[in-house]
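Visitor: final-v9.txt is the file, holding compact mmCIF, C-alpha atoms and all ligand atoms:
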```txt
# COMPACT_ATOMS: atom_id res chain seq x y z
CA MET A 27 4.92 16.03 -125.82
CA SER A 28 1.96 14.70 -127.84
CA ALA A 29 0.10 16.81 -130.40
CA ALA A 30 -2.83 17.03 -127.99
CA GLU A 31 -0.62 18.26 -125.15
CA THR A 32 1.00 20.79 -127.44
CA ARG A 33 -2.41 22.19 -128.22
CA THR A 34 -3.55 22.52 -124.59
CA ALA A 35 -0.20 23.86 -123.37
CA ARG A 36 -0.19 26.62 -126.00
CA PRO A 37 -0.34 30.04 -124.29
CA ALA A 38 -3.50 31.85 -125.40
CA ILE A 39 -1.69 35.19 -125.36
CA SER A 40 1.23 36.33 -127.48
CA PRO A 41 4.17 36.99 -125.11
CA PRO A 42 5.29 40.48 -126.27
CA ASP A 43 1.94 42.13 -125.45
CA THR A 44 2.45 43.77 -122.03
CA ALA A 45 -0.75 45.89 -121.93
CA PRO A 46 -3.29 44.79 -119.29
CA LEU A 47 -5.72 42.22 -120.67
CA VAL A 48 -8.67 43.66 -118.76
CA GLU A 49 -9.30 47.38 -118.18
CA ILE A 50 -12.35 48.48 -116.20
CA GLU A 51 -12.98 52.21 -116.05
CA GLY A 52 -15.54 54.00 -113.87
CA LEU A 53 -17.86 50.99 -113.87
CA GLY A 54 -21.24 51.62 -112.25
CA ARG A 55 -24.54 49.81 -111.94
CA VAL A 56 -27.75 51.22 -110.49
CA PHE A 57 -30.84 49.02 -110.03
CA ASP A 58 -34.30 50.56 -110.06
CA LEU A 59 -36.19 48.80 -107.25
CA SER A 60 -39.21 51.15 -107.40
CA LYS A 61 -42.79 49.98 -107.27
CA ARG A 62 -44.83 50.42 -110.45
CA TRP A 63 -45.66 54.01 -111.39
CA LEU A 64 -49.38 53.66 -110.51
CA ASN A 65 -48.61 52.13 -107.09
CA ARG A 66 -46.15 54.95 -106.39
CA VAL A 67 -48.79 57.54 -107.26
CA LEU A 68 -51.42 55.81 -105.11
CA ASP A 69 -49.27 55.44 -101.99
CA GLY A 70 -47.25 58.64 -102.57
CA SER A 71 -43.87 56.88 -102.50
CA GLY A 72 -40.85 57.85 -104.58
CA LYS A 73 -38.43 55.90 -106.70
CA VAL A 74 -36.07 53.46 -104.97
CA MET A 75 -32.64 53.20 -106.55
CA LEU A 76 -29.82 50.91 -105.44
CA THR A 77 -26.26 51.73 -106.44
CA ALA A 78 -24.68 48.26 -106.46
CA VAL A 79 -21.40 49.33 -108.11
CA ASP A 80 -20.07 52.88 -107.89
CA GLY A 81 -17.25 54.03 -110.19
CA VAL A 82 -14.98 50.99 -110.00
CA SER A 83 -11.75 51.19 -112.00
CA LEU A 84 -9.13 48.46 -112.16
CA SER A 85 -6.92 46.62 -114.59
CA ILE A 86 -5.74 43.02 -114.73
CA GLU A 87 -2.35 42.11 -116.16
CA ARG A 88 -2.12 39.19 -118.57
CA GLY A 89 -1.59 35.94 -116.71
CA GLY A 90 -2.46 37.58 -113.38
CA THR A 91 -5.19 36.92 -110.84
CA TYR A 92 -7.09 39.93 -109.57
CA ALA A 93 -9.19 39.06 -106.51
CA LEU A 94 -12.22 41.12 -105.54
CA VAL A 95 -13.13 40.70 -101.89
CA GLY A 96 -15.88 42.06 -99.68
CA GLU A 97 -18.87 41.06 -97.60
CA SER A 98 -22.10 39.99 -99.28
CA GLY A 99 -23.84 42.96 -100.88
CA SER A 100 -20.54 44.69 -101.66
CA GLY A 101 -21.09 44.43 -105.44
CA LYS A 102 -18.63 41.63 -106.27
CA SER A 103 -20.99 39.46 -108.28
CA THR A 104 -22.58 42.45 -110.05
CA ILE A 105 -19.11 43.44 -111.30
CA ALA A 106 -18.47 39.84 -112.41
CA LYS A 107 -21.67 39.81 -114.47
CA MET A 108 -20.85 43.14 -116.15
CA VAL A 109 -17.33 41.95 -116.96
CA VAL A 110 -18.48 38.75 -118.69
CA GLY A 111 -21.26 40.50 -120.64
CA LEU A 112 -24.25 39.15 -118.65
CA LEU A 113 -25.38 42.50 -117.23
CA PRO A 114 -25.05 45.91 -118.91
CA PRO A 115 -23.39 48.64 -116.83
CA THR A 116 -25.17 51.92 -116.09
CA SER A 117 -21.88 53.78 -116.56
CA GLY A 118 -18.23 53.12 -117.36
CA SER A 119 -16.57 50.60 -119.63
CA VAL A 120 -14.98 47.14 -119.73
CA HIS A 121 -12.19 46.56 -122.25
CA ILE A 122 -10.85 43.06 -122.87
CA ALA A 123 -7.69 43.01 -125.01
CA GLY A 124 -8.53 46.54 -126.14
CA ALA A 125 -12.13 45.77 -127.20
CA ASP A 126 -15.00 47.47 -125.37
CA ILE A 127 -17.29 44.51 -124.63
CA TRP A 128 -20.37 46.71 -124.26
CA ALA A 129 -19.73 48.79 -127.36
CA GLU A 130 -18.78 46.02 -129.80
CA ARG A 131 -21.23 45.85 -132.67
CA GLY A 132 -21.83 42.87 -134.92
CA LEU A 133 -22.74 39.35 -133.91
CA ALA A 134 -19.50 37.84 -135.20
CA ARG A 135 -17.34 40.27 -133.17
CA GLN A 136 -19.43 39.72 -130.05
CA ARG A 137 -19.28 35.93 -130.40
CA GLN A 138 -15.52 36.09 -130.85
CA LEU A 139 -15.22 38.26 -127.74
CA HIS A 140 -17.46 36.02 -125.66
CA ARG A 141 -15.46 32.96 -126.70
CA ARG A 142 -12.44 34.56 -125.04
CA ILE A 143 -14.25 35.28 -121.74
CA GLN A 144 -15.69 32.51 -119.58
CA MET A 145 -17.14 32.24 -116.08
CA ILE A 146 -17.01 29.56 -113.39
CA PHE A 147 -19.90 29.75 -110.94
CA GLN A 148 -20.17 29.00 -107.24
CA ASP A 149 -22.53 26.03 -107.50
CA PRO A 150 -21.23 23.48 -110.04
CA TYR A 151 -24.40 21.40 -109.87
CA ALA A 152 -26.69 24.30 -110.74
CA SER A 153 -24.43 25.35 -113.62
CA LEU A 154 -24.36 21.91 -115.34
CA ASN A 155 -27.38 20.61 -117.24
CA PRO A 156 -28.38 17.46 -115.26
CA ARG A 157 -29.99 15.83 -118.33
CA TRP A 158 -26.88 16.02 -120.48
CA ARG A 159 -23.97 13.61 -120.38
CA VAL A 160 -20.65 15.25 -119.54
CA GLY A 161 -19.44 14.64 -123.11
CA SER A 162 -22.35 16.67 -124.52
CA ILE A 163 -21.84 19.46 -121.94
CA LEU A 164 -18.20 19.85 -122.99
CA ALA A 165 -18.84 19.37 -126.72
CA GLU A 166 -21.46 22.11 -126.87
CA PRO A 167 -19.10 25.16 -126.74
CA ILE A 168 -16.62 23.39 -129.05
CA LYS A 169 -19.43 23.00 -131.58
CA ALA A 170 -20.89 26.48 -131.03
CA PHE A 171 -17.57 28.19 -131.70
CA GLY A 172 -16.51 25.81 -134.48
CA LEU A 173 -13.35 24.71 -132.67
CA ALA A 174 -13.22 21.14 -134.02
CA ALA A 175 -13.31 19.96 -137.62
CA ASP A 176 -15.66 17.02 -137.06
CA ALA A 177 -17.29 14.77 -134.45
CA ALA A 178 -14.12 12.69 -133.97
CA ALA A 179 -11.99 15.78 -133.32
CA ARG A 180 -14.66 17.05 -130.93
CA GLU A 181 -14.65 13.76 -129.02
CA ALA A 182 -10.87 13.82 -128.80
CA ARG A 183 -10.96 17.39 -127.49
CA VAL A 184 -13.56 16.43 -124.84
CA GLY A 185 -11.25 13.62 -123.63
CA GLU A 186 -8.33 16.05 -123.59
CA LEU A 187 -10.31 18.59 -121.51
CA LEU A 188 -11.31 15.90 -118.98
CA SER A 189 -7.67 14.82 -118.63
CA LEU A 190 -6.64 18.46 -118.22
CA VAL A 191 -8.87 18.84 -115.14
CA GLY A 192 -7.81 15.50 -113.63
CA LEU A 193 -10.78 13.36 -114.74
CA ASP A 194 -10.90 10.27 -116.93
CA PRO A 195 -11.83 10.72 -120.61
CA ARG A 196 -14.31 7.84 -120.09
CA ASP A 197 -16.22 10.11 -117.67
CA SER A 198 -17.72 11.78 -120.73
CA ALA A 199 -20.42 9.05 -120.79
CA LYS A 200 -21.64 9.88 -117.27
CA PHE A 201 -24.20 12.41 -116.00
CA PRO A 202 -23.31 15.25 -113.57
CA HIS A 203 -25.14 13.59 -110.63
CA GLU A 204 -22.66 10.68 -110.77
CA PHE A 205 -19.84 12.95 -109.57
CA SER A 206 -18.86 14.50 -106.22
CA GLY A 207 -19.06 18.28 -105.73
CA GLY A 208 -15.33 18.71 -106.38
CA GLN A 209 -15.50 16.59 -109.55
CA ARG A 210 -18.50 18.58 -110.78
CA GLN A 211 -16.53 21.79 -110.34
CA ARG A 212 -13.74 20.19 -112.39
CA ILE A 213 -16.31 19.52 -115.13
CA ALA A 214 -17.45 23.16 -114.93
CA ILE A 215 -13.81 24.24 -115.29
CA ALA A 216 -13.37 21.92 -118.30
CA ARG A 217 -16.48 23.42 -119.89
CA ALA A 218 -15.10 26.94 -119.33
CA LEU A 219 -11.85 25.85 -121.03
CA ALA A 220 -13.68 24.27 -123.97
CA SER A 221 -13.97 27.58 -125.83
CA GLU A 222 -10.21 28.19 -125.40
CA PRO A 223 -10.65 31.43 -123.41
CA GLU A 224 -7.87 33.70 -122.22
CA PHE A 225 -9.84 35.33 -119.40
CA ILE A 226 -11.96 33.50 -116.79
CA VAL A 227 -14.11 35.07 -114.09
CA CYS A 228 -14.24 32.72 -111.09
CA ASP A 229 -17.23 33.65 -108.89
CA GLU A 230 -16.66 32.03 -105.46
CA PRO A 231 -15.57 28.81 -107.24
CA THR A 232 -14.88 26.81 -104.08
CA SER A 233 -17.31 28.21 -101.52
CA ALA A 234 -19.90 25.45 -102.16
CA LEU A 235 -17.29 22.70 -101.74
CA ASP A 236 -16.08 20.75 -98.71
CA VAL A 237 -12.99 22.28 -97.14
CA SER A 238 -11.07 19.07 -97.96
CA VAL A 239 -11.52 19.55 -101.73
CA GLN A 240 -11.28 23.36 -101.87
CA ALA A 241 -7.47 23.34 -101.95
CA GLN A 242 -7.44 20.73 -104.76
CA VAL A 243 -9.69 22.86 -106.96
CA LEU A 244 -7.68 26.03 -106.20
CA ASN A 245 -4.43 24.23 -107.04
CA LEU A 246 -5.99 23.00 -110.28
CA LEU A 247 -6.96 26.58 -111.23
CA ARG A 248 -3.42 27.77 -110.54
CA ASP A 249 -1.91 24.90 -112.48
CA LEU A 250 -4.18 25.58 -115.47
CA GLN A 251 -3.30 29.27 -115.33
CA GLN A 252 0.40 28.49 -115.64
CA ARG A 253 -0.06 25.90 -118.38
CA LEU A 254 -2.51 27.89 -120.52
CA GLY A 255 -1.51 31.48 -119.74
CA LEU A 256 -4.95 32.30 -118.33
CA THR A 257 -5.96 35.55 -116.66
CA TYR A 258 -8.42 35.38 -113.75
CA LEU A 259 -10.82 37.73 -112.02
CA PHE A 260 -11.38 35.90 -108.76
CA ILE A 261 -14.43 36.81 -106.68
CA SER A 262 -14.36 35.70 -103.05
CA HIS A 263 -15.36 36.65 -99.52
CA ASN A 264 -12.68 34.30 -98.18
CA LEU A 265 -9.36 36.07 -97.61
CA ALA A 266 -7.48 32.82 -96.97
CA VAL A 267 -8.48 31.67 -100.48
CA VAL A 268 -7.59 35.06 -101.97
CA ARG A 269 -4.15 34.98 -100.36
CA HIS A 270 -3.54 31.61 -102.02
CA MET A 271 -4.59 32.80 -105.48
CA ALA A 272 -4.22 36.54 -106.08
CA THR A 273 -1.50 38.67 -107.57
CA ARG A 274 -3.53 41.84 -106.91
CA VAL A 275 -6.47 42.40 -104.57
CA GLY A 276 -9.32 44.90 -104.61
CA VAL A 277 -11.46 45.39 -101.50
CA LEU A 278 -15.08 46.39 -102.10
CA TYR A 279 -17.37 48.11 -99.65
CA LEU A 280 -20.92 48.99 -100.66
CA GLY A 281 -20.03 49.11 -104.33
CA ARG A 282 -16.84 51.18 -103.98
CA LEU A 283 -13.30 49.87 -104.35
CA VAL A 284 -11.88 51.16 -101.06
CA GLU A 285 -8.39 49.67 -101.41
CA GLU A 286 -6.43 47.87 -104.08
CA ALA A 287 -2.84 46.72 -103.93
CA PRO A 288 -0.49 43.90 -104.91
CA ALA A 289 -1.61 40.87 -102.85
CA ARG A 290 1.65 40.61 -100.93
CA GLU A 291 1.48 44.29 -99.91
CA LEU A 292 -2.19 44.21 -99.00
CA PHE A 293 -1.77 41.23 -96.68
CA ALA A 294 1.50 42.52 -95.16
CA ALA A 295 0.44 46.15 -94.66
CA PRO A 296 -3.30 46.81 -95.18
CA LYS A 297 -4.10 50.51 -95.31
CA HIS A 298 -7.86 51.05 -95.32
CA PRO A 299 -9.54 50.61 -91.91
CA TYR A 300 -12.06 48.21 -93.51
CA THR A 301 -9.29 46.03 -95.02
CA LYS A 302 -7.63 45.90 -91.59
CA MET A 303 -10.91 44.85 -90.02
CA LEU A 304 -11.39 42.09 -92.62
CA LEU A 305 -7.84 40.78 -92.13
CA ASP A 306 -8.12 40.88 -88.34
CA ALA A 307 -11.11 38.55 -88.60
CA VAL A 308 -9.26 35.90 -90.67
CA PRO A 309 -8.29 32.83 -88.62
CA ASP A 310 -4.51 32.37 -88.53
CA ILE A 311 -2.96 28.97 -89.19
CA GLY A 312 -1.19 28.01 -85.97
CA MET A 313 -3.50 30.15 -83.84
CA GLU A 314 -6.29 27.63 -83.42
CA GLY A 315 -8.21 28.23 -80.23
CA VAL A 316 -7.26 31.93 -80.17
CA GLU A 317 -10.35 34.08 -80.44
CA ARG A 318 -10.26 36.47 -83.41
CA PRO A 319 -12.09 39.79 -83.37
CA SER A 320 -15.21 39.65 -85.54
CA ILE A 321 -15.97 42.33 -88.13
CA ALA A 322 -17.56 45.18 -86.17
CA GLY A 323 -21.07 46.30 -87.06
CA GLU A 324 -23.45 45.34 -89.83
CA ILE A 325 -23.05 46.27 -93.48
CA PRO A 326 -25.53 49.18 -93.94
CA ASN A 327 -28.57 49.02 -96.19
CA PRO A 328 -27.23 49.67 -99.73
CA ILE A 329 -30.51 51.39 -100.72
CA ASN A 330 -29.74 54.12 -98.22
CA PRO A 331 -25.96 54.03 -97.67
CA PRO A 332 -24.21 56.33 -95.18
CA SER A 333 -23.18 59.73 -96.58
CA GLY A 334 -19.53 60.66 -97.25
CA CYS A 335 -17.39 57.59 -96.67
CA HIS A 336 -19.84 54.68 -96.61
CA PHE A 337 -17.71 52.99 -93.96
CA HIS A 338 -17.86 55.85 -91.42
CA PRO A 339 -20.45 54.30 -89.01
CA ARG A 340 -18.14 51.27 -88.52
CA CYS A 341 -14.77 53.00 -88.69
CA PRO A 342 -12.60 53.27 -85.56
CA HIS A 343 -10.77 56.28 -87.11
CA VAL A 344 -13.81 58.31 -88.21
CA MET A 345 -13.27 62.08 -88.50
CA PRO A 346 -15.82 64.88 -89.08
CA GLN A 347 -15.15 65.11 -92.84
CA CYS A 348 -15.74 61.34 -93.24
CA ARG A 349 -19.46 61.88 -92.63
CA THR A 350 -19.93 64.36 -95.48
CA VAL A 351 -17.10 64.10 -98.03
CA VAL A 352 -16.59 61.06 -100.28
CA PRO A 353 -12.86 60.27 -100.03
CA PRO A 354 -10.94 60.35 -103.32
CA SER A 355 -8.48 57.64 -104.26
CA TYR A 356 -5.02 58.26 -102.77
CA ALA A 357 -1.89 56.52 -104.04
CA VAL A 358 0.04 55.06 -101.10
CA GLY A 359 3.07 53.09 -102.34
CA ASP A 360 1.69 50.59 -104.84
CA ALA A 361 -1.76 50.75 -103.23
CA LYS A 362 -4.76 52.97 -103.94
CA VAL A 363 -6.84 53.84 -100.90
CA LEU A 364 -10.18 55.60 -100.59
CA CYS A 365 -9.72 57.13 -97.14
CA HIS A 366 -9.25 60.66 -95.74
CA LEU A 367 -6.51 59.40 -93.43
CA TYR A 368 -4.19 59.40 -96.47
CA ASP A 369 -4.86 62.97 -97.67
CA GLY A 370 -1.35 64.03 -96.67
CA THR A 371 -2.28 66.03 -93.55
CA ASP A 372 -1.48 65.03 -89.99
CA HIS A 373 -4.60 63.50 -88.47
CA ALA A 374 -3.02 62.66 -85.10
CA GLY A 375 -5.40 63.98 -82.48
CA THR A 376 -8.40 64.24 -84.81
CA ALA A 377 -8.80 60.52 -85.49
CA ARG A 378 -9.52 58.15 -82.62
CA SER A 379 -6.23 56.51 -83.57
CA ALA A 380 -3.72 56.92 -86.39
CA PRO A 381 -3.50 54.36 -89.25
FE1 LIG A 401 -12.62 55.76 -91.71
FE2 LIG A 401 -12.85 58.25 -92.58
FE3 LIG A 401 -11.16 56.60 -93.78
FE4 LIG A 401 -13.77 56.30 -94.06
S1 LIG A 401 -12.55 58.02 -94.79
S2 LIG A 401 -12.30 54.71 -93.67
S3 LIG A 401 -14.51 56.86 -92.03
S4 LIG A 401 -11.06 57.34 -91.68
```
As structure tokens - that is how I would like this structure written.
Ligand code: SF4
Guide:
Amino acid sequence: MSAAETRTARPAISPPDTAPLVEIEGLGRVFDLSKRWLNRVLDGSGKVMLTAVDGVSLSIERGGTYALVGESGSGKSTIAKMVVGLLPPTSGSVHIAGADIWAERGLARQRQLHRRIQMIFQDPYASLNPRWRVGSILAEPIKAFGLAADAAAREARVGELLSLVGLDPRDSAKFPHEFSGGQRQRIAIARALASEPEFIVCDEPTSALDVSVQAQVLNLLRDLQQRLGLTYLFISHNLAVVRHMATRVGVLYLGRLVEEAPARELFAAPKHPYTKMLLDAVPDIGMEGVERPSIAGEIPNPINPPSGCHFHPRCPHVMPQCRTVVPPSYAVGDAKVLCHLYDGTDHAGTARSAP
């Protein structure tokens, strides 16, 4: 193994540390969508608040992939932004390797923390500066974080990063528009790796790509995870993609984490009625031509969500208490489920059907 390979293959995390790398506790984000004060006074309207994320708690083991799934408007991307430090939470905390990213004081500490956390966005073209050559795009974080001794070392590292994502080191002289969508996402991945992070948030990283290249990019992400010891938070609305990537899955509905479980368990035995509905709508390989049930009903307006369990207007098992009481989190095996069906009492006869 060459010196360059030794450097890229080095795990970013020391093996004996078994504590979760990422710990999110009671995370919440409320947006104030109100008109200006004077306009509210003139037309007699009140404040309009949107709770995009409501008390989300989860942890991500080192080297694992935690997938957050849900329909659009469920709060996935808002959580991603709070986790990488782009959007401050209204409540709760995000700890990465024991450091509270929203409480850290001091520029040096914050820079060090942000070097360790990177994000890959949905649209690789929008996230790459079209006026910069690929070499400059990749060299910028290396320079900013002082990760190479001089220009020659920086150039060598850029070539190494391009090789790592399956591109040619000579591609550093080209501009982003000279690449296909899949290649541009590889460049975005290389840029994320340039700061030598240990945690990467992948926000729908393949949803803007042709189906034919999606699997290649997902396989690359998995390969890089194994080689570099990376930890991922993977945001997706696509359960087939999540199944391919995740070690643990969290299902979001209107800002609340309604179910979370090891991926294998969630796909084999989903518990929450919403998770079951999502999985029932996923096309099965080998069942082409068979009509799948679509997800029933529309996601309600998040500005005025349903009382009690937000899912109750769409739920086939709805019970009287679902309309008024917010379900707590129940432990069911290795899963956590926000649903009154799991409160330990026998609901046969009260629910339209048992879980
Ligand atoms: Fe359905 Fe009630 Fe469970 Fe909500 S709490 S998912 S409405 S059974």
Visitor: Under the rule of at most 7 Å, produce a per-residue listing of chain A near ligand LIG 401 (chain A): chain, number, name, the closest pair of atoms, and the distance in Å, as a tab-separated table, using all atoms listed in the file.
Guide:
```
residue	atom	partner	partner_atom	distance
A:His298	CA	A:LIG401	S2	6.0
A:Pro299	CA	A:LIG401	S2	5.2
A:Tyr300	CA	A:LIG401	S2	6.5
A:Cys335	CA	A:LIG401	FE4	4.6
A:His336	CA	A:LIG401	FE4	6.8
A:Phe337	CA	A:LIG401	FE4	5.1
A:His338	CA	A:LIG401	S3	3.6
A:Cys341	CA	A:LIG401	FE1	4.6
A:Pro342	CA	A:LIG401	FE1	6.6
A:His343	CA	A:LIG401	S4	4.7
A:Val344	CA	A:LIG401	S3	4.1
A:Met345	CA	A:LIG401	FE2	5.6
A:Cys348	CA	A:LIG401	FE2	4.3
A:Pro353	CA	A:LIG401	S1	5.7
A:Leu364	CA	A:LIG401	S1	6.7
A:Cys365	CA	A:LIG401	FE3	3.7
A:His366	CA	A:LIG401	S1	4.3
A:Leu367	CA	A:LIG401	S4	5.3
```
Visitor: Which distance in Å separates CA of Asp360 in chain A and CA of Glu291 in chain A, to one decimal?
Guide: 8.0 Å
Visitor: Any idea what the distance is between CA of Arg282 in chain A and CA of Glu130 in chain A?
Guide: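 Here the two named atoms are 26.4 Å from each other.
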Visitor: Between A:Leu76, A:Val275, A:Leu304, A:Leu154, which one has atoms that come closest to Ala216 in chain A, using all atoms listed in the file?
Guide: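 Of A:Leu76, A:Val275, A:Leu304, A:Leu154, the one nearest Ala216 in chain A is A:Leu154, counting all atoms listed in the file.
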Visitor: Find the distance between CA of Lys102 in chain A and CA of Ile261 in chain A and write it in Å to one decimal.
Guide: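 Distance reported for this atom pair: 6.4 Å.
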Visitor: Since the input has fewer atoms than a full residue there, write range 58-67 of chain A out with all heavy atoms, as a compact mmCIF listing (two decimals), in the frame of the given file.
Guide:
```txt
# COMPACT_ATOMS: atom_id res chain seq x y z
N ASP A 58 -33.07 49.87 -110.41
CA ASP A 58 -34.30 50.56 -110.06
C ASP A 58 -35.21 49.56 -109.34
O ASP A 58 -35.72 48.62 -109.96
CB ASP A 58 -34.97 51.09 -111.34
CG ASP A 58 -36.19 51.94 -111.04
OD1 ASP A 58 -36.64 51.94 -109.87
OD2 ASP A 58 -36.69 52.61 -111.96
N LEU A 59 -35.38 49.72 -108.04
CA LEU A 59 -36.19 48.80 -107.25
C LEU A 59 -37.57 49.40 -106.93
O LEU A 59 -38.27 48.95 -106.02
CB LEU A 59 -35.49 48.45 -105.93
CG LEU A 59 -34.05 47.91 -106.02
CD1 LEU A 59 -33.51 47.60 -104.64
CD2 LEU A 59 -34.00 46.65 -106.89
N SER A 60 -37.95 50.43 -107.69
CA SER A 60 -39.21 51.15 -107.40
C SER A 60 -40.42 50.28 -107.67
O SER A 60 -40.39 49.37 -108.51
CB SER A 60 -39.32 52.38 -108.30
OG SER A 60 -38.12 53.07 -108.35
N LYS A 61 -41.50 50.61 -106.95
CA LYS A 61 -42.79 49.98 -107.27
C LYS A 61 -43.24 50.52 -108.63
O LYS A 61 -42.69 51.50 -109.13
CB LYS A 61 -43.81 50.39 -106.22
CG LYS A 61 -43.55 49.82 -104.84
CD LYS A 61 -44.66 50.33 -103.92
CE LYS A 61 -44.38 49.99 -102.48
NZ LYS A 61 -45.29 50.68 -101.57
N ARG A 62 -44.29 49.92 -109.18
CA ARG A 62 -44.83 50.42 -110.45
C ARG A 62 -45.31 51.86 -110.28
O ARG A 62 -45.71 52.26 -109.18
CB ARG A 62 -46.01 49.56 -110.89
CG ARG A 62 -45.56 48.20 -111.33
CD ARG A 62 -46.74 47.38 -111.69
NE ARG A 62 -46.31 46.05 -112.06
CZ ARG A 62 -47.03 45.23 -112.78
NH1 ARG A 62 -48.22 45.59 -113.20
NH2 ARG A 62 -46.58 44.05 -113.08
N TRP A 63 -45.32 52.59 -111.42
CA TRP A 63 -45.66 54.01 -111.39
C TRP A 63 -47.01 54.24 -110.69
O TRP A 63 -47.13 55.10 -109.81
CB TRP A 63 -45.69 54.55 -112.83
CG TRP A 63 -46.20 55.95 -112.91
CD1 TRP A 63 -45.50 57.09 -112.64
CD2 TRP A 63 -47.53 56.37 -113.25
NE1 TRP A 63 -46.29 58.20 -112.79
CE2 TRP A 63 -47.55 57.79 -113.17
CE3 TRP A 63 -48.69 55.69 -113.61
CZ2 TRP A 63 -48.70 58.54 -113.43
CZ3 TRP A 63 -49.83 56.44 -113.88
CH2 TRP A 63 -49.84 57.84 -113.79
N LEU A 64 -48.04 53.45 -111.06
CA LEU A 64 -49.38 53.66 -110.51
C LEU A 64 -49.38 53.45 -108.98
O LEU A 64 -49.96 54.23 -108.23
CB LEU A 64 -50.38 52.72 -111.18
CG LEU A 64 -51.85 52.94 -110.80
CD1 LEU A 64 -52.29 54.37 -111.14
CD2 LEU A 64 -52.75 51.94 -111.52
N ASN A 65 -48.68 52.40 -108.53
CA ASN A 65 -48.61 52.13 -107.09
C ASN A 65 -47.90 53.28 -106.36
O ASN A 65 -48.29 53.64 -105.25
CB ASN A 65 -47.85 50.83 -106.81
CG ASN A 65 -48.62 49.63 -107.32
OD1 ASN A 65 -49.67 49.79 -107.95
ND2 ASN A 65 -48.10 48.45 -107.09
N ARG A 66 -46.87 53.84 -107.02
CA ARG A 66 -46.15 54.95 -106.39
C ARG A 66 -47.06 56.16 -106.25
O ARG A 66 -47.05 56.86 -105.24
CB ARG A 66 -44.91 55.32 -107.22
CG ARG A 66 -43.81 54.29 -107.18
CD ARG A 66 -42.43 54.91 -107.40
NE ARG A 66 -42.37 55.81 -108.55
CZ ARG A 66 -42.13 55.43 -109.79
NH1 ARG A 66 -41.92 54.16 -110.04
NH2 ARG A 66 -42.08 56.31 -110.76
N VAL A 67 -47.87 56.40 -107.30
CA VAL A 67 -48.79 57.54 -107.26
C VAL A 67 -49.83 57.32 -106.16
O VAL A 67 -50.12 58.22 -105.36
CB VAL A 67 -49.49 57.72 -108.64
CG1 VAL A 67 -50.60 58.76 -108.55
CG2 VAL A 67 -48.46 58.14 -109.69
```
